[in-house]
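Source file: structure_39.txt (compact mmCIF, N, CA and C atoms)
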```txt
# COMPACT_ATOMS: atom_id res chain seq x y z
N MET A 1 33.78 -127.00 -71.20
CA MET A 1 33.40 -128.35 -71.53
C MET A 1 34.57 -129.04 -72.22
N LYS A 2 34.97 -130.17 -71.72
CA LYS A 2 36.09 -130.91 -72.30
C LYS A 2 35.57 -131.82 -73.40
N ILE A 3 36.25 -131.80 -74.53
CA ILE A 3 35.87 -132.64 -75.66
C ILE A 3 36.57 -133.99 -75.51
N LEU A 4 35.79 -135.04 -75.66
CA LEU A 4 36.29 -136.39 -75.52
C LEU A 4 37.08 -136.79 -76.76
N ASP A 5 38.29 -137.20 -76.57
CA ASP A 5 39.14 -137.64 -77.68
C ASP A 5 38.89 -139.12 -77.89
N THR A 6 38.25 -139.45 -79.00
CA THR A 6 37.87 -140.84 -79.27
C THR A 6 38.92 -141.60 -80.08
N SER A 7 40.01 -140.94 -80.43
CA SER A 7 41.00 -141.60 -81.28
C SER A 7 41.67 -142.79 -80.60
N ASN A 8 41.66 -142.84 -79.29
CA ASN A 8 42.31 -143.94 -78.58
C ASN A 8 41.38 -145.12 -78.31
N PHE A 9 40.09 -144.99 -78.60
CA PHE A 9 39.15 -146.06 -78.33
C PHE A 9 39.50 -147.35 -79.05
N VAL A 10 39.93 -147.24 -80.28
CA VAL A 10 40.25 -148.44 -81.06
C VAL A 10 41.40 -149.19 -80.42
N SER A 11 42.46 -148.47 -80.07
CA SER A 11 43.60 -149.15 -79.48
C SER A 11 43.27 -149.71 -78.10
N GLU A 12 42.41 -149.03 -77.37
CA GLU A 12 42.02 -149.53 -76.05
C GLU A 12 41.18 -150.80 -76.20
N ARG A 13 40.27 -150.79 -77.18
CA ARG A 13 39.45 -151.98 -77.39
C ARG A 13 40.30 -153.14 -77.88
N ALA A 14 41.30 -152.84 -78.69
CA ALA A 14 42.17 -153.89 -79.22
C ALA A 14 42.89 -154.63 -78.09
N LYS A 15 43.13 -153.96 -76.99
CA LYS A 15 43.78 -154.60 -75.85
C LYS A 15 42.84 -155.60 -75.18
N VAL A 16 41.54 -155.31 -75.26
CA VAL A 16 40.54 -156.16 -74.61
C VAL A 16 40.06 -157.26 -75.55
N LYS A 17 39.68 -156.86 -76.76
CA LYS A 17 39.18 -157.82 -77.74
C LYS A 17 39.73 -157.42 -79.10
N PRO A 18 40.39 -158.33 -79.79
CA PRO A 18 40.95 -157.97 -81.10
C PRO A 18 39.88 -157.46 -82.07
N ILE A 19 40.29 -156.55 -82.93
CA ILE A 19 39.39 -155.97 -83.91
C ILE A 19 39.56 -156.74 -85.21
N THR A 20 38.44 -157.06 -85.84
CA THR A 20 38.49 -157.79 -87.10
C THR A 20 38.91 -156.83 -88.23
N ASN A 21 39.36 -157.40 -89.33
CA ASN A 21 39.74 -156.58 -90.49
C ASN A 21 38.55 -155.76 -90.99
N SER A 22 37.39 -156.36 -90.96
CA SER A 22 36.18 -155.66 -91.40
C SER A 22 35.91 -154.45 -90.50
N GLU A 23 36.01 -154.67 -89.19
CA GLU A 23 35.80 -153.55 -88.24
C GLU A 23 36.86 -152.48 -88.44
N TRP A 24 38.11 -152.88 -88.64
CA TRP A 24 39.18 -151.91 -88.82
C TRP A 24 38.94 -151.08 -90.08
N GLY A 25 38.51 -151.72 -91.16
CA GLY A 25 38.22 -151.00 -92.40
C GLY A 25 37.15 -149.95 -92.20
N SER A 26 36.11 -150.30 -91.44
CA SER A 26 35.03 -149.36 -91.16
C SER A 26 35.52 -148.19 -90.30
N VAL A 27 36.28 -148.50 -89.28
CA VAL A 27 36.81 -147.46 -88.38
C VAL A 27 37.79 -146.57 -89.13
N LYS A 28 38.61 -147.17 -89.97
CA LYS A 28 39.60 -146.41 -90.73
C LYS A 28 38.92 -145.36 -91.62
N LYS A 29 37.81 -145.76 -92.26
CA LYS A 29 37.06 -144.82 -93.10
C LYS A 29 36.52 -143.67 -92.25
N GLU A 30 36.04 -143.96 -91.08
CA GLU A 30 35.52 -142.91 -90.20
C GLU A 30 36.64 -141.98 -89.73
N LEU A 31 37.79 -142.56 -89.41
CA LEU A 31 38.92 -141.74 -88.96
C LEU A 31 39.43 -140.83 -90.07
N GLU A 32 39.34 -141.31 -91.31
CA GLU A 32 39.78 -140.48 -92.43
C GLU A 32 38.88 -139.26 -92.61
N LYS A 33 37.62 -139.36 -92.19
CA LYS A 33 36.70 -138.22 -92.28
C LYS A 33 37.08 -137.14 -91.27
N ILE A 34 37.66 -137.56 -90.15
CA ILE A 34 38.09 -136.62 -89.12
C ILE A 34 39.51 -136.22 -89.46
N LYS A 35 39.66 -135.12 -90.12
CA LYS A 35 40.99 -134.70 -90.57
C LYS A 35 41.53 -133.66 -89.60
N PRO A 36 42.26 -134.11 -88.61
CA PRO A 36 42.81 -133.15 -87.67
C PRO A 36 43.82 -132.24 -88.36
N ASN A 37 43.86 -131.02 -87.91
CA ASN A 37 44.82 -130.10 -88.51
C ASN A 37 46.01 -129.94 -87.58
N PRO A 38 47.12 -129.48 -88.11
CA PRO A 38 48.35 -129.44 -87.32
C PRO A 38 48.31 -128.45 -86.14
N PHE A 39 47.31 -127.60 -86.10
CA PHE A 39 47.25 -126.61 -85.02
C PHE A 39 46.10 -126.88 -84.05
N GLY A 40 45.36 -127.95 -84.28
CA GLY A 40 44.26 -128.30 -83.39
C GLY A 40 43.12 -127.30 -83.40
N LEU A 41 42.95 -126.58 -84.49
CA LEU A 41 41.89 -125.59 -84.58
C LEU A 41 40.54 -126.26 -84.74
N LYS A 42 39.52 -125.62 -84.20
CA LYS A 42 38.16 -126.13 -84.29
C LYS A 42 37.28 -125.05 -84.92
N LYS A 43 36.09 -125.43 -85.28
CA LYS A 43 35.15 -124.50 -85.89
C LYS A 43 34.96 -123.26 -85.02
N GLU A 44 34.95 -123.46 -83.72
CA GLU A 44 34.75 -122.35 -82.78
C GLU A 44 35.88 -121.31 -82.85
N ASP A 45 37.03 -121.71 -83.38
CA ASP A 45 38.16 -120.78 -83.49
C ASP A 45 38.01 -119.81 -84.66
N LEU A 46 37.10 -120.13 -85.58
CA LEU A 46 36.91 -119.28 -86.75
C LEU A 46 35.91 -118.18 -86.43
N THR A 47 36.38 -117.21 -85.66
CA THR A 47 35.54 -116.09 -85.25
C THR A 47 36.25 -114.79 -85.61
N GLY A 48 35.59 -113.70 -85.32
CA GLY A 48 36.18 -112.40 -85.60
C GLY A 48 36.33 -112.19 -87.09
N LYS A 49 37.47 -111.70 -87.50
CA LYS A 49 37.69 -111.38 -88.91
C LYS A 49 37.99 -112.60 -89.78
N ILE A 50 38.08 -113.78 -89.18
CA ILE A 50 38.26 -115.00 -89.97
C ILE A 50 37.02 -115.90 -89.87
N GLU A 51 35.91 -115.32 -89.47
CA GLU A 51 34.69 -116.10 -89.23
C GLU A 51 34.24 -116.90 -90.45
N ASN A 52 34.29 -116.35 -91.61
CA ASN A 52 33.82 -117.06 -92.80
C ASN A 52 34.95 -117.61 -93.66
N PHE A 53 36.14 -117.70 -93.09
CA PHE A 53 37.27 -118.26 -93.82
C PHE A 53 37.19 -119.78 -93.78
N PRO A 54 37.54 -120.45 -94.87
CA PRO A 54 37.65 -121.91 -94.81
C PRO A 54 38.82 -122.30 -93.90
N MET A 55 38.67 -123.42 -93.23
CA MET A 55 39.71 -123.89 -92.31
C MET A 55 41.05 -124.07 -93.03
N GLY A 56 41.03 -124.53 -94.27
CA GLY A 56 42.26 -124.72 -95.02
C GLY A 56 43.05 -123.44 -95.19
N VAL A 57 42.36 -122.34 -95.40
CA VAL A 57 43.02 -121.03 -95.55
C VAL A 57 43.66 -120.63 -94.22
N VAL A 58 42.93 -120.82 -93.14
CA VAL A 58 43.44 -120.45 -91.81
C VAL A 58 44.67 -121.30 -91.46
N ILE A 59 44.62 -122.59 -91.78
CA ILE A 59 45.77 -123.47 -91.53
C ILE A 59 46.99 -122.96 -92.27
N ARG A 60 46.81 -122.59 -93.54
CA ARG A 60 47.96 -122.10 -94.33
C ARG A 60 48.50 -120.79 -93.75
N MET A 61 47.61 -119.94 -93.29
CA MET A 61 48.04 -118.69 -92.68
C MET A 61 48.84 -118.97 -91.40
N MET A 62 48.38 -119.96 -90.63
CA MET A 62 49.10 -120.34 -89.41
C MET A 62 50.48 -120.89 -89.75
N GLU A 63 50.57 -121.64 -90.83
CA GLU A 63 51.87 -122.17 -91.25
C GLU A 63 52.82 -121.04 -91.62
N GLU A 64 52.28 -120.02 -92.30
CA GLU A 64 53.13 -118.87 -92.64
C GLU A 64 53.59 -118.15 -91.38
N MET A 65 52.69 -118.03 -90.41
CA MET A 65 53.07 -117.40 -89.14
C MET A 65 54.18 -118.19 -88.47
N LYS A 66 54.02 -119.51 -88.46
CA LYS A 66 55.03 -120.37 -87.83
C LYS A 66 56.37 -120.26 -88.56
N LYS A 67 56.31 -120.27 -89.88
CA LYS A 67 57.52 -120.17 -90.69
C LYS A 67 58.27 -118.86 -90.40
N GLN A 68 57.50 -117.80 -90.16
CA GLN A 68 58.10 -116.49 -89.89
C GLN A 68 58.31 -116.25 -88.39
N ASP A 69 58.13 -117.32 -87.59
CA ASP A 69 58.35 -117.25 -86.15
C ASP A 69 57.43 -116.25 -85.46
N SER A 70 56.18 -116.20 -85.92
CA SER A 70 55.20 -115.30 -85.32
C SER A 70 54.28 -116.01 -84.33
N LEU A 71 54.52 -117.29 -84.07
CA LEU A 71 53.63 -118.07 -83.20
C LEU A 71 54.20 -118.19 -81.79
N LYS A 72 54.47 -117.11 -81.17
CA LYS A 72 55.05 -117.16 -79.82
C LYS A 72 53.96 -117.16 -78.75
N ASP A 73 52.84 -116.57 -79.03
CA ASP A 73 51.73 -116.48 -78.10
C ASP A 73 50.92 -117.77 -78.17
N GLU A 74 50.54 -118.31 -77.02
CA GLU A 74 49.74 -119.53 -77.01
C GLU A 74 48.39 -119.33 -77.69
N ASN A 75 47.87 -118.11 -77.64
CA ASN A 75 46.60 -117.81 -78.27
C ASN A 75 46.83 -117.22 -79.67
N HIS A 76 47.70 -117.85 -80.43
CA HIS A 76 48.08 -117.34 -81.74
C HIS A 76 46.89 -117.17 -82.68
N VAL A 77 45.85 -117.99 -82.53
CA VAL A 77 44.70 -117.84 -83.40
C VAL A 77 44.00 -116.49 -83.13
N ASN A 78 44.19 -115.95 -81.93
CA ASN A 78 43.61 -114.64 -81.62
C ASN A 78 44.15 -113.56 -82.53
N ILE A 79 45.39 -113.69 -82.93
CA ILE A 79 46.00 -112.71 -83.84
C ILE A 79 45.24 -112.74 -85.17
N LEU A 80 44.98 -113.93 -85.67
CA LEU A 80 44.25 -114.04 -86.93
C LEU A 80 42.81 -113.54 -86.78
N GLN A 81 42.20 -113.80 -85.63
CA GLN A 81 40.82 -113.37 -85.41
C GLN A 81 40.72 -111.84 -85.43
N LYS A 82 41.75 -111.18 -84.96
CA LYS A 82 41.71 -109.71 -84.87
C LYS A 82 42.42 -109.02 -86.04
N TYR A 83 43.56 -109.57 -86.45
CA TYR A 83 44.39 -108.91 -87.46
C TYR A 83 44.87 -109.90 -88.53
N PRO A 84 43.99 -110.48 -89.29
CA PRO A 84 44.45 -111.48 -90.26
C PRO A 84 45.40 -110.91 -91.31
N GLY A 85 45.25 -109.64 -91.62
CA GLY A 85 46.09 -109.03 -92.64
C GLY A 85 47.50 -108.71 -92.19
N SER A 86 47.73 -108.74 -90.90
CA SER A 86 49.08 -108.41 -90.42
C SER A 86 49.67 -109.50 -89.54
N ALA A 87 49.14 -110.70 -89.63
CA ALA A 87 49.62 -111.81 -88.81
C ALA A 87 50.98 -112.33 -89.28
N PHE A 88 51.29 -112.12 -90.55
CA PHE A 88 52.57 -112.51 -91.11
C PHE A 88 52.87 -111.56 -92.27
N GLU A 89 54.14 -111.55 -92.67
CA GLU A 89 54.55 -110.66 -93.75
C GLU A 89 54.31 -111.33 -95.10
N TRP A 90 53.36 -110.80 -95.83
CA TRP A 90 52.98 -111.38 -97.11
C TRP A 90 54.13 -111.43 -98.09
N ILE A 91 54.96 -110.42 -98.06
CA ILE A 91 56.07 -110.33 -99.02
C ILE A 91 57.10 -111.44 -98.82
N LYS A 92 57.13 -112.02 -97.63
CA LYS A 92 58.09 -113.09 -97.33
C LYS A 92 57.55 -114.47 -97.68
N THR A 93 56.37 -114.53 -98.28
CA THR A 93 55.79 -115.82 -98.63
C THR A 93 56.07 -116.14 -100.10
N GLU A 94 55.99 -117.42 -100.43
CA GLU A 94 56.17 -117.84 -101.82
C GLU A 94 55.07 -117.29 -102.71
N ALA A 95 53.86 -117.20 -102.18
CA ALA A 95 52.71 -116.74 -102.97
C ALA A 95 52.75 -115.24 -103.23
N GLY A 96 53.34 -114.49 -102.30
CA GLY A 96 53.50 -113.06 -102.49
C GLY A 96 52.36 -112.20 -101.98
N PRO A 97 52.59 -110.90 -101.90
CA PRO A 97 51.60 -109.99 -101.31
C PRO A 97 50.31 -109.84 -102.11
N ALA A 98 50.37 -109.86 -103.43
CA ALA A 98 49.14 -109.71 -104.23
C ALA A 98 48.19 -110.88 -103.96
N PHE A 99 48.78 -112.09 -103.87
CA PHE A 99 47.98 -113.28 -103.59
C PHE A 99 47.27 -113.16 -102.24
N TRP A 100 48.03 -112.82 -101.20
CA TRP A 100 47.44 -112.75 -99.86
C TRP A 100 46.46 -111.60 -99.74
N ASN A 101 46.68 -110.52 -100.45
CA ASN A 101 45.70 -109.43 -100.45
C ASN A 101 44.37 -109.93 -101.02
N ASP A 102 44.45 -110.65 -102.13
CA ASP A 102 43.23 -111.18 -102.74
C ASP A 102 42.53 -112.18 -101.83
N VAL A 103 43.31 -113.02 -101.17
CA VAL A 103 42.72 -114.06 -100.30
C VAL A 103 42.16 -113.45 -99.01
N ILE A 104 42.95 -112.66 -98.32
CA ILE A 104 42.54 -112.15 -97.00
C ILE A 104 41.59 -110.96 -97.11
N ASN A 105 41.95 -109.97 -97.88
CA ASN A 105 41.12 -108.76 -97.94
C ASN A 105 39.91 -108.92 -98.86
N ASP A 106 40.12 -109.57 -100.00
CA ASP A 106 39.02 -109.73 -100.96
C ASP A 106 38.28 -111.06 -100.79
N LYS A 107 38.78 -111.90 -99.89
CA LYS A 107 38.19 -113.21 -99.59
C LYS A 107 38.01 -114.06 -100.86
N ASP A 108 39.04 -114.05 -101.70
CA ASP A 108 39.04 -114.85 -102.92
C ASP A 108 39.58 -116.25 -102.58
N PHE A 109 38.71 -117.05 -101.98
CA PHE A 109 39.12 -118.38 -101.53
C PHE A 109 39.30 -119.35 -102.70
N ASN A 110 38.62 -119.10 -103.81
CA ASN A 110 38.84 -119.93 -105.00
C ASN A 110 40.28 -119.80 -105.48
N LEU A 111 40.79 -118.58 -105.48
CA LEU A 111 42.19 -118.35 -105.85
C LEU A 111 43.12 -119.13 -104.92
N PHE A 112 42.82 -119.10 -103.62
CA PHE A 112 43.64 -119.83 -102.66
C PHE A 112 43.67 -121.32 -102.99
N PHE A 113 42.50 -121.91 -103.22
CA PHE A 113 42.45 -123.35 -103.46
C PHE A 113 42.96 -123.74 -104.85
N GLU A 114 43.04 -122.81 -105.76
CA GLU A 114 43.71 -123.08 -107.02
C GLU A 114 45.22 -123.23 -106.78
N GLU A 115 45.75 -122.41 -105.89
CA GLU A 115 47.18 -122.43 -105.56
C GLU A 115 47.51 -123.57 -104.59
N TYR A 116 46.62 -123.82 -103.64
CA TYR A 116 46.86 -124.83 -102.60
C TYR A 116 45.68 -125.81 -102.51
N PRO A 117 45.44 -126.62 -103.54
CA PRO A 117 44.28 -127.52 -103.52
C PRO A 117 44.32 -128.55 -102.39
N GLU A 118 45.52 -128.91 -101.96
CA GLU A 118 45.64 -129.93 -100.90
C GLU A 118 45.10 -129.45 -99.55
N TYR A 119 44.88 -128.14 -99.41
CA TYR A 119 44.37 -127.61 -98.14
C TYR A 119 42.85 -127.75 -98.02
N ARG A 120 42.20 -128.20 -99.06
CA ARG A 120 40.75 -128.47 -98.99
C ARG A 120 40.46 -129.55 -97.94
N LYS A 121 41.42 -130.43 -97.71
CA LYS A 121 41.21 -131.54 -96.76
C LYS A 121 40.93 -131.04 -95.35
N TYR A 122 41.32 -129.82 -95.04
CA TYR A 122 41.08 -129.28 -93.70
C TYR A 122 39.72 -128.61 -93.56
N ASN A 123 39.05 -128.36 -94.68
CA ASN A 123 37.78 -127.64 -94.62
C ASN A 123 36.74 -128.46 -93.86
N LEU A 124 35.85 -127.76 -93.19
CA LEU A 124 34.87 -128.41 -92.34
C LEU A 124 33.58 -128.78 -93.06
N ASP A 125 33.41 -128.31 -94.27
CA ASP A 125 32.17 -128.62 -95.00
C ASP A 125 32.37 -129.64 -96.07
```
Final structure tokens representation of the file:
Amino acid sequence: MKILDTSNFVSERAKVKPITNSEWGSVKKELEKIKPNPFGLKKEDLTGKIENFPMGVVIRMMEEMKKQDSLKDENHVNILQKYPGSAFEWIKTEAGPAFWNDVINDKDFNLFFEEYPEYRKYNLD
């Protein structure tokens, strides 16, 4: 099933009939609620061993994988679904191995968001 991308509707309508400032303000608020992530992950991607992980945590893990050049496979999220603890080298991160052990193995997501509060914006709840 293909998901309809509605982000272009506003610009398409603007070509036909200009949008008022009031309408733009309303649409802008709605667009801000839809916080796309840099990897295009969806709720359906949070399966396997990352099933109950917040999206913000998964995004940060993906960034670490990218930083360490571990994102060569198109299905890179599959690595996290199966092997979240070995998807990237914890020791090579700024946060360090103890932090990632607590976050990934002990699922201490509060600790994660204390360190990276800006990643809450990616959470789906």
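For the set A:Asn123, A:Gly85, A:Lys92, A:Pro18, the residue with the smallest atom-to-atom gap to A:Asn105 is A:Gly85, counting only N, CA and C atoms.
Going from atom N of A:Thr47 over to atom N of A:Tyr83, you cover 10.5 Å.
Taking atom CA of A:Tyr116 and atom CA of A:Ile59 as the two end points, the separation is 11.2 Å.
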Q: Would you list the contacts of A:Tyr119 as a ChimeraX atom specification, taking every protein, DNA or RNA residue within 8 Å and counting only N, CA and C atoms, but skipping same-chain residues closer than 2 positions in sequence?
A: /A:54-57,59-60,112-113,115-117,121-123
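Atom C of A:Lys49 is found 8.6 Å from atom C of A:Ile79.
Here the selection is built from only C-alpha atoms, and the residues within 10 Å of (49.2, -117.3, -99.9) turn out to be Val57, Arg60, Met61, Glu64, Trp90, Ile91, Thr93, Glu94, Ala95, Gly96, Pro97, Ala98, Phe99, Trp100, Asn101, Asp102, Val103, Ile104, Leu111, Phe112, Phe113, Glu115 and Tyr116 of chain A.
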Q) In terms of the shortest atom-to-atom distance over all atoms listed in the file, which of A:Leu124, A:Ile50, A:Ile19, A:Leu41 is closest to A:Pro84? A) A:Ile50
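Among A:Arg120, A:Lys107, A:Lys82, A:Lys67, the residue with the shortest atom-to-atom distance to A:Gly48, counting only N, CA and C atoms, is A:Lys82.
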